[in-house]
>>> print(open('input_26.csv').read())   # CSV, C-alpha atoms and all ligand atoms
chain,number,residue,atom,x,y,z
A,1,MET,CA,230.1,130.6,97.7
A,2,THR,CA,226.4,131.4,98.1
A,3,ILE,CA,223.7,130.3,95.7
A,4,ALA,CA,223.1,133.9,94.6
A,5,GLU,CA,226.8,134.4,93.9
A,6,GLU,CA,227.0,131.1,92.0
A,7,VAL,CA,224.1,132.2,89.8
A,8,ALA,CA,225.5,135.7,89.3
A,9,ASN,CA,228.8,134.3,88.3
A,10,GLN,CA,227.2,132.2,85.7
A,11,HIS,CA,225.7,135.4,84.0
A,12,PRO,CA,222.5,133.7,82.9
A,13,PRO,CA,222.4,134.3,79.1
A,14,ASP,CA,218.7,135.2,79.2
A,15,MET,CA,219.1,137.9,81.9
A,16,ALA,CA,217.8,141.4,80.8
A,17,PRO,CA,219.6,144.7,81.5
A,18,ASP,CA,217.2,145.2,84.4
A,19,PHE,CA,218.4,141.8,85.9
A,20,THR,CA,215.1,140.0,85.2
A,21,VAL,CA,215.1,136.5,83.9
A,22,PRO,CA,212.3,134.1,82.9
A,23,GLN,CA,211.2,132.2,86.1
A,24,HIS,CA,211.7,128.8,84.3
A,25,TRP,CA,209.0,127.3,86.5
A,26,GLU,CA,209.0,124.2,84.4
A,27,ASN,CA,212.6,123.5,85.6
A,28,TYR,CA,211.8,123.1,89.4
A,29,THR,CA,212.2,119.5,90.6
A,30,PRO,CA,209.6,117.7,92.7
A,31,VAL,CA,212.1,118.0,95.6
A,32,GLU,CA,212.2,121.8,95.2
A,33,HIS,CA,208.4,122.1,95.1
A,34,GLY,CA,208.3,119.8,98.2
A,35,THR,CA,210.7,122.2,100.0
A,36,TRP,CA,208.2,125.0,99.4
A,37,ASP,CA,205.3,122.9,100.7
A,38,ILE,CA,207.3,122.0,103.9
A,39,LEU,CA,208.1,125.6,104.6
A,40,TYR,CA,204.6,126.8,103.8
A,41,GLU,CA,202.9,124.3,106.1
A,42,ARG,CA,205.3,125.1,108.9
A,43,GLN,CA,204.9,128.8,108.7
A,44,ILE,CA,201.1,129.0,108.1
A,45,LYS,CA,200.5,126.9,111.3
A,46,LEU,CA,202.7,129.2,113.3
A,47,LEU,CA,201.6,132.6,112.0
A,48,GLN,CA,198.1,132.6,113.4
A,49,GLY,CA,198.2,135.0,116.4
A,50,TYR,CA,201.6,136.3,115.3
A,51,ALA,CA,201.1,137.8,111.8
A,52,GLU,CA,199.1,140.9,111.1
A,53,GLN,CA,195.7,139.9,109.6
A,54,SER,CA,196.1,141.4,106.2
A,55,PHE,CA,199.2,139.3,105.7
A,56,ILE,CA,197.2,136.2,106.4
A,57,ASP,CA,194.4,137.4,104.1
A,58,GLY,CA,196.9,138.1,101.3
A,59,LEU,CA,198.3,134.5,101.6
A,60,LYS,CA,194.8,133.1,101.2
A,61,ARG,CA,193.6,135.5,98.5
A,62,LEU,CA,196.6,134.8,96.3
A,63,ASP,CA,196.3,131.1,97.1
A,64,LEU,CA,200.0,130.7,97.9
A,65,GLY,CA,199.3,127.4,99.6
A,66,ARG,CA,197.9,125.6,96.5
A,67,GLY,CA,201.0,123.4,96.4
A,68,GLY,CA,204.5,123.9,95.1
A,69,ILE,CA,206.4,127.0,94.1
A,70,PRO,CA,204.0,129.5,92.7
A,71,GLU,CA,204.2,130.4,89.0
A,72,PHE,CA,205.0,134.2,88.9
A,73,ASP,CA,202.9,135.0,85.8
A,74,ARG,CA,199.8,133.5,87.3
A,75,LEU,CA,200.5,135.2,90.6
A,76,SER,CA,201.2,138.5,89.0
A,77,ASP,CA,197.9,138.4,87.1
A,78,GLU,CA,196.0,138.0,90.3
A,79,LEU,CA,198.1,140.6,92.2
A,80,GLU,CA,197.9,143.1,89.4
A,81,LYS,CA,194.1,143.0,89.7
A,82,LEU,CA,194.3,143.9,93.4
A,83,THR,CA,197.0,146.6,93.5
A,84,GLY,CA,198.8,146.9,90.2
A,85,TRP,CA,201.9,145.1,91.3
A,86,ARG,CA,203.7,142.3,89.4
A,87,ILE,CA,206.4,139.9,90.4
A,88,VAL,CA,209.6,139.6,88.2
A,89,ALA,CA,212.1,136.8,88.5
A,90,VAL,CA,215.8,137.7,89.3
A,91,PRO,CA,218.7,135.2,89.7
A,92,CYS,CA,220.4,137.1,92.5
A,93,LEU,CA,220.4,140.2,94.6
A,94,VAL,CA,220.2,143.2,92.2
A,95,PRO,CA,222.0,146.5,92.4
A,96,ASP,CA,220.3,149.3,94.4
A,97,ASP,CA,219.4,151.5,91.4
A,98,ILE,CA,217.8,148.6,89.6
A,99,PHE,CA,216.0,147.5,92.7
A,100,PHE,CA,214.5,151.0,93.3
A,101,GLU,CA,213.5,151.3,89.7
A,102,HIS,CA,211.5,148.0,89.9
A,103,LEU,CA,209.7,149.1,93.1
A,104,ALA,CA,209.0,152.6,91.8
A,105,ASN,CA,207.2,150.9,88.9
A,106,ARG,CA,205.3,148.4,91.1
A,107,ARG,CA,207.5,145.4,90.1
A,108,PHE,CA,208.7,143.2,92.9
A,109,PRO,CA,212.0,141.3,92.1
A,110,ALA,CA,211.9,137.8,93.5
A,111,GLY,CA,214.7,135.2,93.6
A,112,ASN,CA,213.8,132.2,91.4
A,113,PHE,CA,215.8,129.6,93.2
A,114,ILE,CA,214.8,127.8,96.4
A,115,ARG,CA,217.0,126.9,99.4
A,116,LYS,CA,218.3,123.4,99.8
A,117,ARG,CA,216.8,120.9,102.3
A,118,ASP,CA,219.6,121.5,104.8
A,119,GLN,CA,218.9,125.3,104.8
A,120,LEU,CA,215.2,125.1,105.9
A,121,ASP,CA,215.9,127.1,109.0
A,122,TYR,CA,218.3,129.7,107.8
A,123,ILE,CA,219.4,131.1,104.5
A,124,GLN,CA,221.3,134.4,104.1
A,125,GLU,CA,220.3,135.3,100.6
A,126,PRO,CA,216.7,135.7,99.7
A,127,ASP,CA,215.2,132.7,97.9
A,128,VAL,CA,211.8,132.2,96.3
A,129,PHE,CA,210.2,131.2,99.6
A,130,HIS,CA,211.4,134.3,101.4
A,131,ASP,CA,210.5,136.6,98.5
A,132,ILE,CA,207.1,135.2,97.6
A,133,PHE,CA,205.8,134.0,100.9
A,134,GLY,CA,207.4,136.8,102.9
A,135,HIS,CA,206.8,139.8,100.6
A,136,VAL,CA,203.9,139.2,98.3
A,137,PRO,CA,200.9,138.8,100.6
A,138,LEU,CA,201.3,142.4,101.8
A,139,LEU,CA,201.6,143.7,98.3
A,140,ALA,CA,197.9,142.8,98.1
A,141,ASN,CA,197.2,145.4,100.8
A,142,PRO,CA,196.6,148.7,98.9
A,143,VAL,CA,198.2,150.9,101.6
A,144,PHE,CA,201.3,148.8,102.0
A,145,ALA,CA,201.5,148.5,98.2
A,146,ASN,CA,201.6,152.3,98.0
A,147,TYR,CA,204.4,152.4,100.7
A,148,MET,CA,206.5,150.0,98.6
A,149,GLU,CA,206.2,152.2,95.5
A,150,ALA,CA,206.9,155.3,97.6
A,151,TYR,CA,210.0,153.6,99.0
A,152,GLY,CA,211.2,152.8,95.5
A,153,LYS,CA,210.7,156.4,94.4
A,154,GLY,CA,212.5,157.7,97.5
A,155,GLY,CA,215.3,155.3,96.8
A,156,LEU,CA,215.7,156.7,93.3
A,157,ARG,CA,215.9,160.2,94.6
A,158,SER,CA,218.5,159.2,97.2
A,159,LEU,CA,220.9,158.1,94.5
A,160,ASN,CA,222.1,161.7,94.2
A,161,TYR,CA,223.1,161.7,97.9
A,162,ASP,CA,225.3,159.6,100.0
A,163,CYS,CA,222.6,157.8,102.0
A,164,LEU,CA,222.1,154.3,100.6
A,165,LYS,CA,222.8,152.8,104.1
A,166,ASN,CA,220.0,155.0,105.5
A,167,LEU,CA,217.6,153.8,102.8
A,168,ALA,CA,218.6,150.2,103.5
A,169,ALA,CA,218.0,150.6,107.2
A,170,LEU,CA,214.4,151.9,106.5
A,171,TYR,CA,213.7,148.9,104.3
A,172,TRP,CA,215.3,146.6,106.8
A,173,TYR,CA,213.3,147.8,109.8
A,174,THR,CA,210.0,148.0,108.0
A,175,VAL,CA,209.6,145.8,105.0
A,176,GLU,CA,211.9,143.0,106.3
A,177,PHE,CA,211.7,143.2,110.1
A,178,GLY,CA,208.7,145.4,111.0
A,179,LEU,CA,206.3,145.0,113.8
A,180,ILE,CA,202.8,146.7,114.0
A,181,HIS,CA,200.3,147.6,116.7
A,182,THR,CA,196.9,146.1,116.1
A,183,ASP,CA,193.7,146.0,118.1
A,184,LYS,CA,194.6,142.4,119.0
A,185,GLY,CA,198.1,143.4,120.2
A,186,MET,CA,201.5,143.6,118.6
A,187,ARG,CA,201.9,141.6,115.4
A,188,ILE,CA,204.6,140.9,112.8
A,189,TYR,CA,204.5,142.0,109.2
A,190,GLY,CA,208.2,142.1,108.0
A,191,ALA,CA,209.1,139.5,105.4
A,192,GLY,CA,212.2,138.4,107.1
A,193,ILE,CA,210.2,137.6,110.2
A,194,VAL,CA,207.1,136.0,108.7
A,195,SER,CA,209.3,133.6,106.6
A,196,SER,CA,211.4,132.5,109.6
A,197,ALA,CA,209.9,130.2,112.2
A,198,ALA,CA,212.4,131.1,114.9
A,199,GLU,CA,212.3,134.9,114.4
A,200,THR,CA,208.5,134.8,114.4
A,201,ARG,CA,208.6,133.9,118.0
A,202,PHE,CA,211.7,135.8,119.0
A,203,SER,CA,210.6,139.1,117.6
A,204,LEU,CA,207.3,139.2,119.5
A,205,GLU,CA,208.0,137.1,122.6
A,206,ASP,CA,211.6,137.1,123.6
A,207,ASN,CA,212.8,139.4,126.3
A,208,SER,CA,216.1,140.0,124.5
A,209,PRO,CA,215.4,142.6,121.8
A,210,ASN,CA,214.3,146.2,122.2
A,211,ARG,CA,210.9,147.1,120.7
A,212,LEU,CA,210.8,150.8,119.9
A,213,LYS,CA,208.3,153.2,118.4
A,214,PHE,CA,208.8,153.8,114.7
A,215,ASP,CA,210.3,157.1,113.9
A,216,LEU,CA,211.5,157.6,110.3
A,217,GLU,CA,214.7,159.5,110.9
A,218,ARG,CA,215.6,157.4,113.9
A,219,VAL,CA,215.2,154.2,111.9
A,220,MET,CA,217.2,155.6,109.0
A,221,ARG,CA,220.1,156.3,111.4
A,222,THR,CA,220.1,152.8,113.0
A,223,GLU,CA,222.6,150.1,112.2
A,224,TYR,CA,221.2,146.6,111.7
A,225,ARG,CA,222.1,142.9,111.8
A,226,ILE,CA,222.2,140.9,108.6
A,227,ASP,CA,223.6,137.7,110.1
A,228,ASP,CA,221.2,137.1,113.0
A,229,PHE,CA,218.0,138.1,114.8
A,230,GLN,CA,217.6,141.9,115.2
A,231,GLN,CA,218.6,143.5,118.5
A,232,SER,CA,215.9,146.2,118.1
A,233,TYR,CA,212.6,146.1,116.3
A,234,PHE,CA,210.5,149.2,115.4
A,235,VAL,CA,206.8,149.1,115.8
A,236,ILE,CA,204.5,151.1,113.5
A,237,ASP,CA,200.9,152.2,114.4
A,238,SER,CA,199.5,151.3,111.0
A,239,TYR,CA,200.5,150.9,107.4
A,240,GLU,CA,198.8,154.3,106.7
A,241,SER,CA,201.1,156.0,109.3
A,242,LEU,CA,204.1,154.3,107.7
A,243,PHE,CA,203.0,155.5,104.2
A,244,ARG,CA,202.3,159.0,105.5
A,245,ALA,CA,205.7,159.2,107.1
A,246,THR,CA,207.3,158.6,103.7
A,247,VAL,CA,205.2,161.0,101.7
A,248,ASP,CA,204.9,163.8,104.2
A,249,THR,CA,208.6,164.0,104.9
A,250,ASP,CA,210.7,166.4,102.9
A,251,PHE,CA,213.4,164.1,101.8
A,252,GLY,CA,215.7,166.7,100.2
A,253,PRO,CA,217.0,168.2,103.5
A,254,LEU,CA,216.9,164.8,105.2
A,255,TYR,CA,219.1,163.3,102.4
A,256,GLU,CA,221.5,166.3,102.7
A,257,ASN,CA,221.9,165.8,106.4
A,258,LEU,CA,221.8,162.1,107.0
A,259,PRO,CA,225.4,161.3,105.8
A,260,GLY,CA,226.8,163.6,108.5
A,261,MET,CA,224.6,162.4,111.3
A,262,ALA,CA,225.7,159.9,113.9
A,263,ARG,CA,224.4,156.4,113.5
A,264,PHE,CA,222.8,154.4,116.4
A,265,PRO,CA,224.2,151.0,117.4
A,266,VAL,CA,221.8,148.1,117.0
A,267,GLU,CA,221.0,147.9,120.7
A,268,HIS,CA,220.9,151.6,121.4
A,269,ILE,CA,218.2,153.4,123.3
A,270,GLU,CA,218.6,157.1,123.6
A,271,ASN,CA,215.2,158.2,124.6
A,272,GLN,CA,212.9,156.4,127.0
A,273,ALA,CA,209.8,157.9,125.3
A,274,GLU,CA,210.4,155.7,122.3
A,275,VAL,CA,210.6,152.5,124.3
A,276,ILE,CA,207.9,149.8,124.2
A,277,HIS,CA,210.1,147.1,125.6
A,278,THR,CA,213.7,147.5,126.9
A,279,GLY,CA,215.5,144.4,125.7
A,280,THR,CA,217.8,142.4,128.0
A,281,GLN,CA,220.1,141.7,124.9
A,282,SER,CA,220.8,138.4,126.5
A,283,TYR,CA,220.5,136.5,123.2
A,284,ALA,CA,223.1,138.6,121.5
A,285,ALA,CA,225.3,138.7,124.7
A,286,LYS,CA,225.5,134.9,124.6
A,287,GLY,CA,226.7,134.9,121.0
A,288,GLY,CA,223.3,134.7,119.2
A,289,ARG,CA,223.1,132.2,116.3
A,290,PHE,CA,226.7,131.3,116.7
A,291,ALA,CA,226.6,130.5,120.4
A,292,ALA,CA,226.4,126.7,120.0
A,293,GLU,CA,228.9,126.5,117.2
B,1,FE,FE,213.3,140.3,101.6
>>> encode(input="input_26.csv", output="structure tokens")
Amino acid sequence: MTIAEEVANQHPPDMAPDFTVPQHWENYTPVEHGTWDILYERQIKLLQGYAEQSFIDGLKRLDLGRGGIPEFDRLSDELEKLTGWRIVAVPCLVPDDIFFEHLANRRFPAGNFIRKRDQLDYIQEPDVFHDIFGHVPLLANPVFANYMEAYGKGGLRSLNYDCLKNLAALYWYTVEFGLIHTDKGMRIYGAGIVSSAAETRFSLEDNSPNRLKFDLERVMRTEYRIDDFQQSYFVIDSYESLFRATVDTDFGPLYENLPGMARFPVEHIENQAEVIHTGTQSYAAKGGRFAAE
């Protein structure tokens, strides 16, 4: 059983209908704070030259390296001054409608538990390190902050249609695993990458995955991996262009049509014009994360 499932099964008595709980910062142990520090130190050293600059700026501005697991209330007060976003603690993954509602109202739900020491390199469910270190720095970027709110609102509208998988794919290939062009070259911005030492290198440097130009509809029709490194990454030109793609698109007809449209396999390339790098797919072909097991 995963940590999130354990917590969810316990039905925390102080959980509100919107799935929020008090963070209970006072309950973290020195070992748990130490786990944050180990992960923080490791990632901050690695990210120079890999992460897009406003992500690094956000980390510093919000002082996420001051030591130990951040206190959400303090962090929210600082973030709110910058972009109006706040962090709310949740004990597990929350249902889609609740998640969209939080984002649409500029609240980011963050897991309040931290991984165990034998999970430093990989954890399937999002913990406080992934959610805060990975997601919060870019919420200090006003344009990306607007995109996140637009995504939440788009998600709420989509609930009347049968396209949750399409919405999930958009989130996955941007917020979690997005790459971006910058004047210094390609960089990472997705939270799933920036909070993973191994995927930080893999996503930008390995020959195995495809790197494709971002196209909203194409992304929403693409399958994705939840258990291993991605086999394709999508590269945006700027946060502004990502935001514009979500607000300039007429989602009504798109939501109507998406459920009936074919979905693209994770490694698929159908149009050479979209390709930045054609992946060898050698990592996946060898069995990926499970190859040595
Ligand atoms: Fe995440």
>>> atom_distance(input="input_26.csv", atom1="CA of Glu223 (chain A)", atom2="CA of Ile276 (chain A)")
19.0 Å
>>> residues_near_ligand(input="input_26.csv", ligand="ligand FE 1 (chain B)", cutoff="6 Å", atoms="all atoms listed in the file", output="MDAnalysis selection string")
chainID A and resid 131 176 191:192
>>> write_last_selection(input="input_26.csv", atoms="C-alpha atoms", output="short mmCIF file (atom, residue, chain, number, x, y, z; two decimals), keeping the file's coordinate frame")
data_model
loop_
_atom_site.label_atom_id
_atom_site.label_comp_id
_atom_site.auth_asym_id
_atom_site.auth_seq_id
_atom_site.Cartn_x
_atom_site.Cartn_y
_atom_site.Cartn_z
CA ASP A 131 210.50 136.60 98.50
CA GLU A 176 211.90 143.00 106.30
CA ALA A 191 209.10 139.50 105.40
CA GLY A 192 212.20 138.40 107.10
#
>>> atom_distance(input="input_26.csv", atom1="CA of Asn141 (chain A)", atom2="CA of Phe55 (chain A)")
8.1 Å
>>> closest_atom_pairs(input="input_26.csv", of="region 3-71 of chain A", to="region 196-218 of chain A", cutoff="12 Å", atoms="all atoms listed in the file", output="tab-separated table")
residue	atom	partner	partner_atom	distance
A:Ile38	CA	A:Ala197	CA	12.0
A:Leu39	CA	A:Ala197	CA	9.1
A:Tyr40	CA	A:Ala197	CA	10.5
A:Glu41	CA	A:Ala197	CA	11.0
A:Arg42	CA	A:Ala197	CA	7.6
A:Gln43	CA	A:Ala197	CA	6.3
A:Ile44	CA	A:Ala197	CA	9.8
A:Lys45	CA	A:Ala197	CA	10.0
A:Leu46	CA	A:Ala197	CA	7.4
A:Leu47	CA	A:Thr200	CA	7.6
A:Gln48	CA	A:Thr200	CA	10.7
A:Gly49	CA	A:Leu204	CA	10.5
A:Tyr50	CA	A:Thr200	CA	7.1
A:Ala51	CA	A:Thr200	CA	8.4
A:Glu52	CA	A:Thr200	CA	11.7
>>> closest_residue(input="input_26.csv", among="A:Ala285, A:Met148, A:Val247, A:Ala262", to="Gln231 (chain A)", atoms="all atoms listed in the file")
A:Ala285
>>> closest_residue(input="input_26.csv", among="A:Thr182, A:Thr222, A:Thr278, A:Ser195", to="Ala168 (chain A)", atoms="only C-alpha atoms")
A:Thr222
